[in-house]
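Quick notes on the structure that follows.
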Amino acid sequence: MSARVAVVTGAARGIGAAVVHELAREGWRVVAVDVCRDDPAVDYPLGTLEELTAVADPYDGDVTPLVADVRDAGRLREAVAVAQERYGGLDAAVAAAAVIAGGTPLWETPEKTWDVLHDVDVRGVYHLACAAVPAMLARPAPRSGRFVAVASVAAHRGLFGLAAYGAAKHAVVGLVRGLAADLRGTGVTAVAVSPGSTRTSMLDATARLYGLDSTAHFTSRQLHDRLLEPEEIARAIAWLCSPNAGAVAGSVLRADGGFTV
């Protein structure tokens, strides 16, 4: 059997990078996508080209780094085209690109905050689906294509100061459920994963939004009494990308350490 092929966004660091590593170690070929530049509407540094290149370097051509903004539908179509041309097709797409912003009540949230959250965290998922699903449907039947979007516990709980972020992540869950229905009978599935507090740069930024000196505060919400590691979320996503996860469609896997119990 030829290697399975994936496109992963938000791949320079955090959960996205961990997904690339997990898939590559399992023998996948991956196009690893990240914007690799900061955004004036986001108050923390985003992933860099150096970080994205470092994710791809260990895999001797089986991981291709590609700089693209998920808000640019054309660039994501190009990422899918690279997967098809270089690796022969597409079997999975993982929408891990996201930003966090907020820290104020909704009525004090600037429109630029609302806009960047919905443009990156929702529109970016939509753009990846529009680019990747036709490529997965182009595989011959019986298919086992997988579309996996990273949501958040904020899609299931109201979080102080993060109403706009929560609205975006609720939208991701709704998008996935609708997409799963659209894919009925094709062999391609759509699912979401909602991580809990995970040791990432985004969680560091969340702590700063709350005026906290560290992320230690967030451990109290999880039954594990610790932060989750990106690799733990990546292992769940890698399983969802596999043919073994064929029974899971339109669902949300809460890989949250018990945050939402």
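Labels for the structure tokens follow display order: chains A, B, ..., residues from 1 in each chain, ligands from 1.
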
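Near A:Asp72, within 12 Å and counting only C-alpha atoms, sit Asp34, Val35, Val67, Arg77, Glu78, Ala79, Asp119, Val120, Arg123, Gly124, Val125, Tyr126, His127, Leu128, Cys130 and Ala131 of chain A, not including residues fewer than 5 positions from it in the same chain.
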
Q: For A:Ala164, work out the shell of residues within 7 Å, counting only C-alpha atoms and skipping chain neighbours fewer than 2 positions away, then give it as a ChimeraX atom specification.
A: /A:106,114,162,166-168

Q: Just the residues within 9 Å of stretch 232-242 of chain A, please, counting only C-alpha atoms, with nothing from its chain fewer than 5 positions along; format it as a VMD selection string.
A: chain A and resid 4 6 15 to 23 26 91 to 94 144 to 148 150 191 to 195 198 248 253 255 to 256

Could those residues be written to a file, using C-alpha atoms, as a PDB file, in the first residue's frame?
```
ATOM      1  CA  ARG A   4      -1.191   8.044   2.964  1.00  0.00           C
ATOM      2  CA  ALA A   6      -2.123  14.707   4.519  1.00  0.00           C
ATOM      3  CA  ILE A  15      -0.625  20.914  18.099  1.00  0.00           C
ATOM      4  CA  GLY A  16      -0.182  21.328  14.348  1.00  0.00           C
ATOM      5  CA  ALA A  17       3.542  20.574  14.517  1.00  0.00           C
ATOM      6  CA  ALA A  18       2.890  17.608  16.796  1.00  0.00           C
ATOM      7  CA  VAL A  19       0.377  16.243  14.270  1.00  0.00           C
ATOM      8  CA  VAL A  20       2.944  16.500  11.466  1.00  0.00           C
ATOM      9  CA  HIS A  21       5.497  14.610  13.553  1.00  0.00           C
ATOM     10  CA  GLU A  22       3.006  11.926  14.560  1.00  0.00           C
ATOM     11  CA  LEU A  23       1.784  11.333  11.028  1.00  0.00           C
ATOM     12  CA  GLU A  26       3.519   6.615  11.138  1.00  0.00           C
ATOM     13  CA  ASP A  91      -6.169  11.193   2.231  1.00  0.00           C
ATOM     14  CA  ALA A  92      -6.516  13.591   5.160  1.00  0.00           C
ATOM     15  CA  ALA A  93      -6.638  17.272   6.000  1.00  0.00           C
ATOM     16  CA  VAL A  94      -6.092  18.611   9.501  1.00  0.00           C
ATOM     17  CA  SER A 144     -11.144   6.494   3.700  1.00  0.00           C
ATOM     18  CA  GLY A 145     -10.541  10.242   3.520  1.00  0.00           C
ATOM     19  CA  ARG A 146     -10.537  12.219   6.748  1.00  0.00           C
ATOM     20  CA  PHE A 147     -11.166  15.897   7.479  1.00  0.00           C
ATOM     21  CA  VAL A 148     -10.237  16.802  11.065  1.00  0.00           C
ATOM     22  CA  VAL A 150      -9.238  21.384  15.831  1.00  0.00           C
ATOM     23  CA  VAL A 191     -14.771  15.203  12.686  1.00  0.00           C
ATOM     24  CA  ALA A 192     -13.588  17.762  15.236  1.00  0.00           C
ATOM     25  CA  VAL A 193     -11.238  17.495  18.190  1.00  0.00           C
ATOM     26  CA  SER A 194     -11.646  19.735  21.219  1.00  0.00           C
ATOM     27  CA  PRO A 195      -8.408  19.907  23.217  1.00  0.00           C
ATOM     28  CA  THR A 198      -2.486  22.169  26.196  1.00  0.00           C
ATOM     29  CA  VAL A 248     -16.494   8.298  13.592  1.00  0.00           C
ATOM     30  CA  LEU A 253     -13.684  14.071  20.287  1.00  0.00           C
ATOM     31  CA  ALA A 255      -9.403  15.323  24.143  1.00  0.00           C
ATOM     32  CA  ASP A 256      -9.577  17.676  27.081  1.00  0.00           C
TER      33      ASP A 256
END
```

Q | Test item: residues at most 12 Å from A:Ala163, only C-alpha atoms, excluding those fewer than 4 positions along its chain, as number ranges by chain | A | A: 100-110, 113-114, 117-118, 154-159, 167-170

Same residues, N, CA and C atoms, output as an mmCIF file, in the first residue's frame:
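Output contents, as saved in part31.cif:
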```
data_model
loop_
_atom_site.group_PDB
_atom_site.id
_atom_site.type_symbol
_atom_site.label_atom_id
_atom_site.label_comp_id
_atom_site.auth_asym_id
_atom_site.auth_seq_id
_atom_site.Cartn_x
_atom_site.Cartn_y
_atom_site.Cartn_z
ATOM 1 N N ILE A 100 -5.713 33.001 19.193
ATOM 2 C CA ILE A 100 -6.502 33.352 20.367
ATOM 3 C C ILE A 100 -6.416 34.866 20.545
ATOM 4 N N ALA A 101 -7.532 35.466 20.906
ATOM 5 C CA ALA A 101 -7.569 36.907 21.183
ATOM 6 C C ALA A 101 -8.769 37.154 22.070
ATOM 7 N N GLY A 102 -8.737 38.254 22.795
ATOM 8 C CA GLY A 102 -9.852 38.579 23.669
ATOM 9 C C GLY A 102 -9.369 39.084 25.004
ATOM 10 N N GLY A 103 -9.989 38.565 26.080
ATOM 11 C CA GLY A 103 -9.636 38.990 27.429
ATOM 12 C C GLY A 103 -10.547 40.056 28.000
ATOM 13 N N THR A 104 -11.585 40.437 27.248
ATOM 14 C CA THR A 104 -12.545 41.438 27.721
ATOM 15 C C THR A 104 -13.956 40.897 27.536
ATOM 16 N N PRO A 105 -14.946 41.471 28.240
ATOM 17 C CA PRO A 105 -16.323 41.056 27.990
ATOM 18 C C PRO A 105 -16.699 41.292 26.533
ATOM 19 N N LEU A 106 -17.687 40.561 26.058
ATOM 20 C CA LEU A 106 -18.041 40.630 24.642
ATOM 21 C C LEU A 106 -18.341 42.051 24.200
ATOM 22 N N TRP A 107 -19.056 42.819 25.028
ATOM 23 C CA TRP A 107 -19.457 44.159 24.600
ATOM 24 C C TRP A 107 -18.278 45.133 24.539
ATOM 25 N N GLU A 108 -17.136 44.728 25.060
ATOM 26 C CA GLU A 108 -15.921 45.540 24.960
ATOM 27 C C GLU A 108 -14.930 44.962 23.952
ATOM 28 N N THR A 109 -15.322 43.900 23.252
ATOM 29 C CA THR A 109 -14.424 43.243 22.308
ATOM 30 C C THR A 109 -14.367 44.029 21.008
ATOM 31 N N PRO A 110 -13.185 44.458 20.585
ATOM 32 C CA PRO A 110 -13.082 45.211 19.323
ATOM 33 C C PRO A 110 -13.462 44.340 18.127
ATOM 34 N N THR A 113 -10.820 42.067 16.764
ATOM 35 C CA THR A 113 -10.648 40.787 17.462
ATOM 36 C C THR A 113 -11.641 39.762 16.939
ATOM 37 N N TRP A 114 -12.904 40.154 16.847
ATOM 38 C CA TRP A 114 -13.929 39.275 16.287
ATOM 39 C C TRP A 114 -13.528 38.833 14.870
ATOM 40 N N LEU A 117 -10.471 36.313 14.688
ATOM 41 C CA LEU A 117 -10.845 34.991 15.189
ATOM 42 C C LEU A 117 -11.688 34.236 14.173
ATOM 43 N N HIS A 118 -12.643 34.908 13.584
ATOM 44 C CA HIS A 118 -13.520 34.217 12.633
ATOM 45 C C HIS A 118 -12.841 34.020 11.278
ATOM 46 N N ALA A 154 -13.630 25.586 24.422
ATOM 47 C CA ALA A 154 -14.449 26.800 24.318
ATOM 48 C C ALA A 154 -15.663 26.594 23.417
ATOM 49 N N ALA A 155 -15.692 25.489 22.674
ATOM 50 C CA ALA A 155 -16.879 25.150 21.887
ATOM 51 C C ALA A 155 -17.952 24.495 22.740
ATOM 52 N N HIS A 156 -17.626 24.207 24.004
ATOM 53 C CA HIS A 156 -18.556 23.475 24.871
ATOM 54 C C HIS A 156 -18.787 24.151 26.215
ATOM 55 N N ARG A 157 -17.964 25.152 26.543
ATOM 56 C CA ARG A 157 -18.092 25.874 27.797
ATOM 57 C C ARG A 157 -17.911 27.370 27.537
ATOM 58 N N GLY A 158 -18.684 28.188 28.222
ATOM 59 C CA GLY A 158 -18.443 29.621 28.162
ATOM 60 C C GLY A 158 -17.225 29.967 28.998
ATOM 61 N N LEU A 159 -16.285 30.706 28.417
ATOM 62 C CA LEU A 159 -15.061 31.091 29.104
ATOM 63 C C LEU A 159 -15.005 32.609 29.222
ATOM 64 N N ALA A 167 -17.384 31.666 20.206
ATOM 65 C CA ALA A 167 -18.286 31.688 19.055
ATOM 66 C C ALA A 167 -17.609 31.086 17.832
ATOM 67 N N ALA A 168 -16.330 31.398 17.645
ATOM 68 C CA ALA A 168 -15.598 30.848 16.503
ATOM 69 C C ALA A 168 -15.480 29.332 16.610
ATOM 70 N N LYS A 169 -15.176 28.836 17.800
ATOM 71 C CA LYS A 169 -15.001 27.398 17.946
ATOM 72 C C LYS A 169 -16.341 26.654 17.891
ATOM 73 N N HIS A 170 -17.430 27.269 18.361
ATOM 74 C CA HIS A 170 -18.754 26.696 18.126
ATOM 75 C C HIS A 170 -19.014 26.579 16.620
#
```

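Among the candidates A:Thr64, A:Thr215, A:Ser251, A:Asn244, the residue lying nearest to A:Met202 is A:Thr215 (atoms considered: only C-alpha atoms).
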
Q | Residues within 12 Å of A:Ala216, only C-alpha atoms, excluding chain neighbours under 6 positions, as a VMD selection string | A | chain A and resid 197 to 199 203 to 204 206 to 207 222 225 to 228

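The closest residue to A:Ala41, picked from A:Arg143, A:Lys112, A:Arg75, A:Arg29 and counting only C-alpha atoms, is A:Lys112.
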
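Between atom CA of A:Val5 and atom CA of A:Tyr87 lies a distance of 6.8 Å.
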
Q.
Taking the DSSP secondary structure from the backbone, can you list the residues of stretch 20-245 of chain A that are strand (DSSP E or B), as a VMD selection string?
A. chain A and resid 29 to 34 63 to 67 92 to 95 146 to 150 189 to 193 198 228

Keeping only C-alpha atoms, write the selected residues to a file as a PDB file, in the first residue's frame.
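The resulting out.pdb:
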```
ATOM      1  CA  ARG A  29       3.630  12.074   3.671  1.00  0.00           C
ATOM      2  CA  VAL A  30       2.614  15.557   4.746  1.00  0.00           C
ATOM      3  CA  VAL A  31       2.347  19.067   3.373  1.00  0.00           C
ATOM      4  CA  ALA A  32       2.934  21.218   6.458  1.00  0.00           C
ATOM      5  CA  VAL A  33       1.347  24.671   6.156  1.00  0.00           C
ATOM      6  CA  ASP A  34       1.780  27.785   8.274  1.00  0.00           C
ATOM      7  CA  VAL A  63       7.209  16.409   4.800  1.00  0.00           C
ATOM      8  CA  THR A  64       7.010  19.493   2.587  1.00  0.00           C
ATOM      9  CA  PRO A  65       6.832  22.897   4.318  1.00  0.00           C
ATOM     10  CA  LEU A  66       4.634  25.473   2.620  1.00  0.00           C
ATOM     11  CA  VAL A  67       4.021  29.062   3.696  1.00  0.00           C
ATOM     12  CA  ALA A  92      -6.516  13.591   5.160  1.00  0.00           C
ATOM     13  CA  ALA A  93      -6.638  17.272   6.000  1.00  0.00           C
ATOM     14  CA  VAL A  94      -6.092  18.611   9.501  1.00  0.00           C
ATOM     15  CA  ALA A  95      -7.214  22.177  10.199  1.00  0.00           C
ATOM     16  CA  ARG A 146     -10.537  12.219   6.748  1.00  0.00           C
ATOM     17  CA  PHE A 147     -11.166  15.897   7.479  1.00  0.00           C
ATOM     18  CA  VAL A 148     -10.237  16.802  11.065  1.00  0.00           C
ATOM     19  CA  ALA A 149     -10.715  20.284  12.517  1.00  0.00           C
ATOM     20  CA  VAL A 150      -9.238  21.384  15.831  1.00  0.00           C
ATOM     21  CA  THR A 189     -15.580  11.661   7.047  1.00  0.00           C
ATOM     22  CA  ALA A 190     -15.411  14.933   8.956  1.00  0.00           C
ATOM     23  CA  VAL A 191     -14.771  15.203  12.686  1.00  0.00           C
ATOM     24  CA  ALA A 192     -13.588  17.762  15.236  1.00  0.00           C
ATOM     25  CA  VAL A 193     -11.238  17.495  18.190  1.00  0.00           C
ATOM     26  CA  THR A 198      -2.486  22.169  26.196  1.00  0.00           C
ATOM     27  CA  LEU A 228      -1.948  18.286  28.282  1.00  0.00           C
TER      28      LEU A 228
END
```

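With only C-alpha atoms as the atoms that count, the minimum distance from A:Ala141 to the choices A:Val188, A:Ala81, A:Leu212, A:Val252 is reached by A:Val188.
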
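Using only C-alpha atoms for every distance, the candidate list A:Val153, A:Ala180, A:Val8, A:Val133 yields A:Val153 as the residue closest to A:Phe259.
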
(Q) Just checking: using only C-alpha atoms, which residue out of A:Glu229, A:Asp57, A:Asp121, A:Asp182 ends up closest to A:Val99? (A) A:Asp121

Q) When distances are computed from only C-alpha atoms, which of A:Arg13, A:Ala3, A:Val82, A:Ala132 shows the smallest separation from A:Glu50? A) A:Arg13
